[in-house]
Amino acid sequence: MLAALYVMAGIAIALGAMLGFFAIKFRVEGNPLVDKIDAVLPQTQCGQCGYPGCKPYATAIANGEADINRCPPGGEDGIRKLAELLGVEFKPFGEGTAQPKPKAVAFIDENICIGCTLCTQACPVDAISGAAKQMHTIIEPLCTGCELCVAPCPVDCISMEPLPQTIQGWKWQYPVFTLKQAA
Amino acid sequence: MEHYLFILIGTVFVNNIVMVRVLGLCPFLGVSKKLETSIAMGLATMFVLTLGSGASYLVNHYLLEPHGLAYMQTLSFIVVIAGFVQLTEMFLEKAYPPLYQVLGIYLPLITTNCAVLGIPLLNVQEKHGLLDSFLYGFGGSLGFTLAMVLFAGIRERLEGADVPQIFKGSAIALVTAGLMSLSFMGFSGLVKL
C-alpha cells in the first residue's frame, strides 16, 4: 500500500519537474490578442484594408488604430467574428471603404496585353507570369483575387472573373467559435 | 532485424490500432475532416504514443513489477501519458501556434485516446522488452496516422460528393470507416506475431 503511494508520488514529482522545466523553456511570448485576431482574418494578404497584410491589420486592430470592418475577403462573417472576439458591436462595411465581392481571380485579355510588366510588379503573390514585351498571363491557382493588378494596367486588359465552386476548388468554411466572457 | 520489421508491419497493417483493434475512434472521427489537421494529429499522437509506451515500459518494469504493484498499471500509465501530452501541447503552442489552435480540444484529449493507453497495456500483456515496446508504440502510432490520413482524404472528397440527404455527415463517415476496416482485414495473416 505504502509502496504504491511512494511510486505514484515519485512519478508525479518526476513528471512535474519535467513539465515545469519545459514550461519555462517553451514559454509563449508576444501579444496573444494579435495572434487571435490574425487567426480570424482570412490570410489573403491582399491589402484592401489599407495595411500591407493580415498580420499588420491585426496589430492595428489590437492597438485600436483600425476599425474591424475593413476586410472584404472575410465578409460580414469575418466582421462578426472580430466583433465577438473583441467584445464590440457588429459594424457593416463602411461607405467608401473596400466592399466584399464573390471570390474571383484576375483574367488578362491576352489580345490587348502589351507586356508592360506593371501587373507583375503589383502582384503580391507572384501569380502573374510574363516578361517585358511578352504576353502576360495569370497563374490561376495562385491568384488570391486581391485586385491589386487591375489598377496599374495601362490598357485595362485585366478583369476579375468570379470563380465557380468545383470539387477541386471547394474548401472548408473557417470554423466559427462562440466566445463566452468568463464570469 | 526481421523481428522488428515484423513488429512494424504487424502494427501498421495487420493489427492496425484503429481499423482492426478499433481503438482511438474519438480523434479518428473528430479530427479527420481536413487532411492537414489529421496529419498534425497523427504526428502529435505519434510523439506521445512512442515516448509514452517506452516510458510506460520503464515504469512497469522498474517500479511496478519489482514491488508487486501490477494492479497500478492503468493508473500510472495514464499519469505518464498525461505528462507527455502536456509536453506536446506546450511544444506545439510554442512552435506551431496556428496548428495548436486548429487541434484545439483534441490535443489534451490525446490523454484519453484509448489507443494511447491500449498500446502500453498490450505491451505488458505480450511481455515486450524496451526496444520492442518503443517499436510497438511507434508502429501503432504510424498505423493510427495512416488510418487518419486515409480517412481524412476520403472525407475531403466526400464533402464535395453527392451524398443522399440522410447519409450526410457522421452517417457516411461511419459507413466509410466500416468499409475501410473491412479492407484492412485483407492484411490479416500477412505476419505472425
# chains A, B, ... in the order shown; residues from 1 in each chain; ligands from 1
$ residues_around --residues "Met148 of chain B" --least-positions-apart "4" --cutoff "8 Å" --atoms "only C-alpha atoms" --output "JSON, numbers by chain"
{"B": [28, 32, 38, 39, 42, 144, 152]}
$ write_last_selection --atoms "C-alpha atoms" --output "PDB file, in the first residue's frame"
ATOM      1  CA  PHE B  28     -10.242   9.285 -35.795  1.00  0.00           C
ATOM      2  CA  SER B  32     -10.312  13.772 -39.726  1.00  0.00           C
ATOM      3  CA  SER B  38      -5.277  14.870 -39.406  1.00  0.00           C
ATOM      4  CA  ILE B  39      -1.588  14.668 -40.298  1.00  0.00           C
ATOM      5  CA  GLY B  42      -1.201  11.818 -36.268  1.00  0.00           C
ATOM      6  CA  PHE B 144      -3.015   5.396 -36.440  1.00  0.00           C
ATOM      7  CA  ALA B 152      -9.330  12.380 -43.954  1.00  0.00           C
TER       8      ALA B 152
END
$ interface_residues --of "chain A" --to "chain B" --cutoff "9 Å" --atoms "only C-alpha atoms" --output "PyMOL selection string"
chain A and resi 1+3-4+7-8+11-12+15-16+18-19+22-23+26-29+35+39+166-168+170-172
$ select_by_dssp --residues "chain A" --states "helix (DSSP H, G or I)" --output "MDAnalysis selection string"
chainID A and resid 2:25 32:40 54:62 72:86 118:122 140:142
$ residues_around --residues "Met41 of chain B" --least-positions-apart "6" --cutoff "8 Å" --atoms "only C-alpha atoms" --output "PyMOL selection string"
chain B and resi 27+31+103+107+145
$ write_last_selection --atoms "C-alpha atoms" --output "PDB file, in the first residue's frame"
ATOM      1  CA  PRO B  27      -9.754  11.580 -32.802  1.00  0.00           C
ATOM      2  CA  VAL B  31     -10.089  15.478 -36.348  1.00  0.00           C
ATOM      3  CA  LEU B 103      -6.280  20.980 -32.981  1.00  0.00           C
ATOM      4  CA  LEU B 107      -4.836  17.918 -28.256  1.00  0.00           C
ATOM      5  CA  THR B 145      -1.614   8.186 -38.609  1.00  0.00           C
TER       6      THR B 145
END
$ atom_distance --atom1 "atom CA of Lys36 of chain A" --atom2 "atom CA of Leu85 of chain A"
8.1 Å
$ residues_around --residues "segment 120-128 of chain B" --least-positions-apart "2" --cutoff "9 Å" --atoms "only C-alpha atoms" --output "JSON, numbers by chain"
{"B": [49, 52, 53, 54, 56, 57, 60, 73, 74, 77, 115, 116, 117, 118, 130, 131, 132, 133, 136, 137]}
$ write_last_selection --atoms "C-alpha atoms" --output "short mmCIF file (atom, residue, chain, number, x, y, z; two decimals), in the first residue's frame"
data_model
loop_
_atom_site.label_atom_id
_atom_site.label_comp_id
_atom_site.auth_asym_id
_atom_site.auth_seq_id
_atom_site.Cartn_x
_atom_site.Cartn_y
_atom_site.Cartn_z
CA LEU B 49 2.49 7.16 -28.13
CA GLY B 52 4.57 7.03 -23.72
CA SER B 53 4.90 3.34 -24.46
CA GLY B 54 8.65 3.42 -23.81
CA SER B 56 5.35 3.05 -19.53
CA TYR B 57 7.60 0.05 -20.03
CA ASN B 60 6.18 -1.01 -15.28
CA GLN B 73 -0.59 -0.25 -14.28
CA THR B 74 -3.59 1.58 -15.71
CA PHE B 77 0.35 4.67 -17.38
CA ALA B 115 -5.13 3.78 -28.39
CA VAL B 116 -2.50 5.60 -26.37
CA LEU B 117 -3.35 3.65 -23.23
CA GLY B 118 -4.09 0.46 -25.13
CA LEU B 130 12.13 -1.98 -24.01
CA LEU B 131 13.02 -1.81 -27.70
CA ASP B 132 10.01 -3.89 -28.67
CA SER B 133 7.78 -1.59 -26.61
CA TYR B 136 5.26 -1.34 -30.92
CA GLY B 137 4.26 2.17 -29.85
#
$ residues_around --residues "Asp156 of chain A" --least-positions-apart "6" --cutoff "12 Å" --atoms "only C-alpha atoms" --output "tab-separated table (two decimals) with C-alpha atoms, in the first residue's frame"
chain	number	residue	atom	x	y	z
A	106	ALA	CA	-7.90	38.05	-62.26
A	107	PHE	CA	-8.06	37.42	-66.02
A	108	ILE	CA	-5.79	39.07	-68.59
A	109	ASP	CA	-7.20	39.65	-72.06
A	110	GLU	CA	-4.19	38.44	-73.97
A	111	ASN	CA	-5.18	40.20	-77.20
A	112	ILE	CA	-4.84	43.59	-75.56
A	113	CYS	CA	-1.84	42.96	-73.25
A	114	ILE	CA	1.22	44.97	-74.30
A	116	CYS	CA	4.46	46.22	-69.74
A	118	LEU	CA	3.32	46.59	-64.38
A	119	CYS	CA	0.84	44.00	-63.17
A	149	CYS	CA	-3.06	44.22	-60.59
A	150	VAL	CA	-6.21	45.80	-62.04
$ atom_distance --atom1 "atom CA of Ser141 of chain B" --atom2 "atom CA of Thr176 of chain B"
20.8 Å
$ closest_residue --among "B:Ala147, B:Leu58, B:Leu99, B:Leu35" --to "Ala177 of chain B" --atoms "only C-alpha atoms"
B:Ala147
$ residues_around --residues "Pro73 of chain A" --least-positions-apart "2" --cutoff "12 Å" --atoms "only C-alpha atoms" --output "VMD selection string"
chain A and resid 40 to 49 54 69 to 71 75 to 79 93 98 to 104 144 to 147
$ residues_around --residues "Thr137 of chain A" --least-positions-apart "2" --cutoff "7 Å" --atoms "only C-alpha atoms" --output "list in words"
Ile108, Ile128, Ser129, Gly130, Met135 and Ile139 of chain A
$ closest_residue --among "B:Leu150, B:Gly140, B:Thr112, B:Val163" --to "Val20 of chain B" --atoms "only C-alpha atoms"
B:Gly140
$ closest_residue --among "B:Leu25, B:Cys114, B:Leu109, B:Leu51" --to "Ala173 of chain B" --atoms "only C-alpha atoms"
B:Leu25
$ atom_distance --atom1 "atom CA of Phe134 of chain B" --atom2 "atom CA of Thr11 of chain B"
11.9 Å
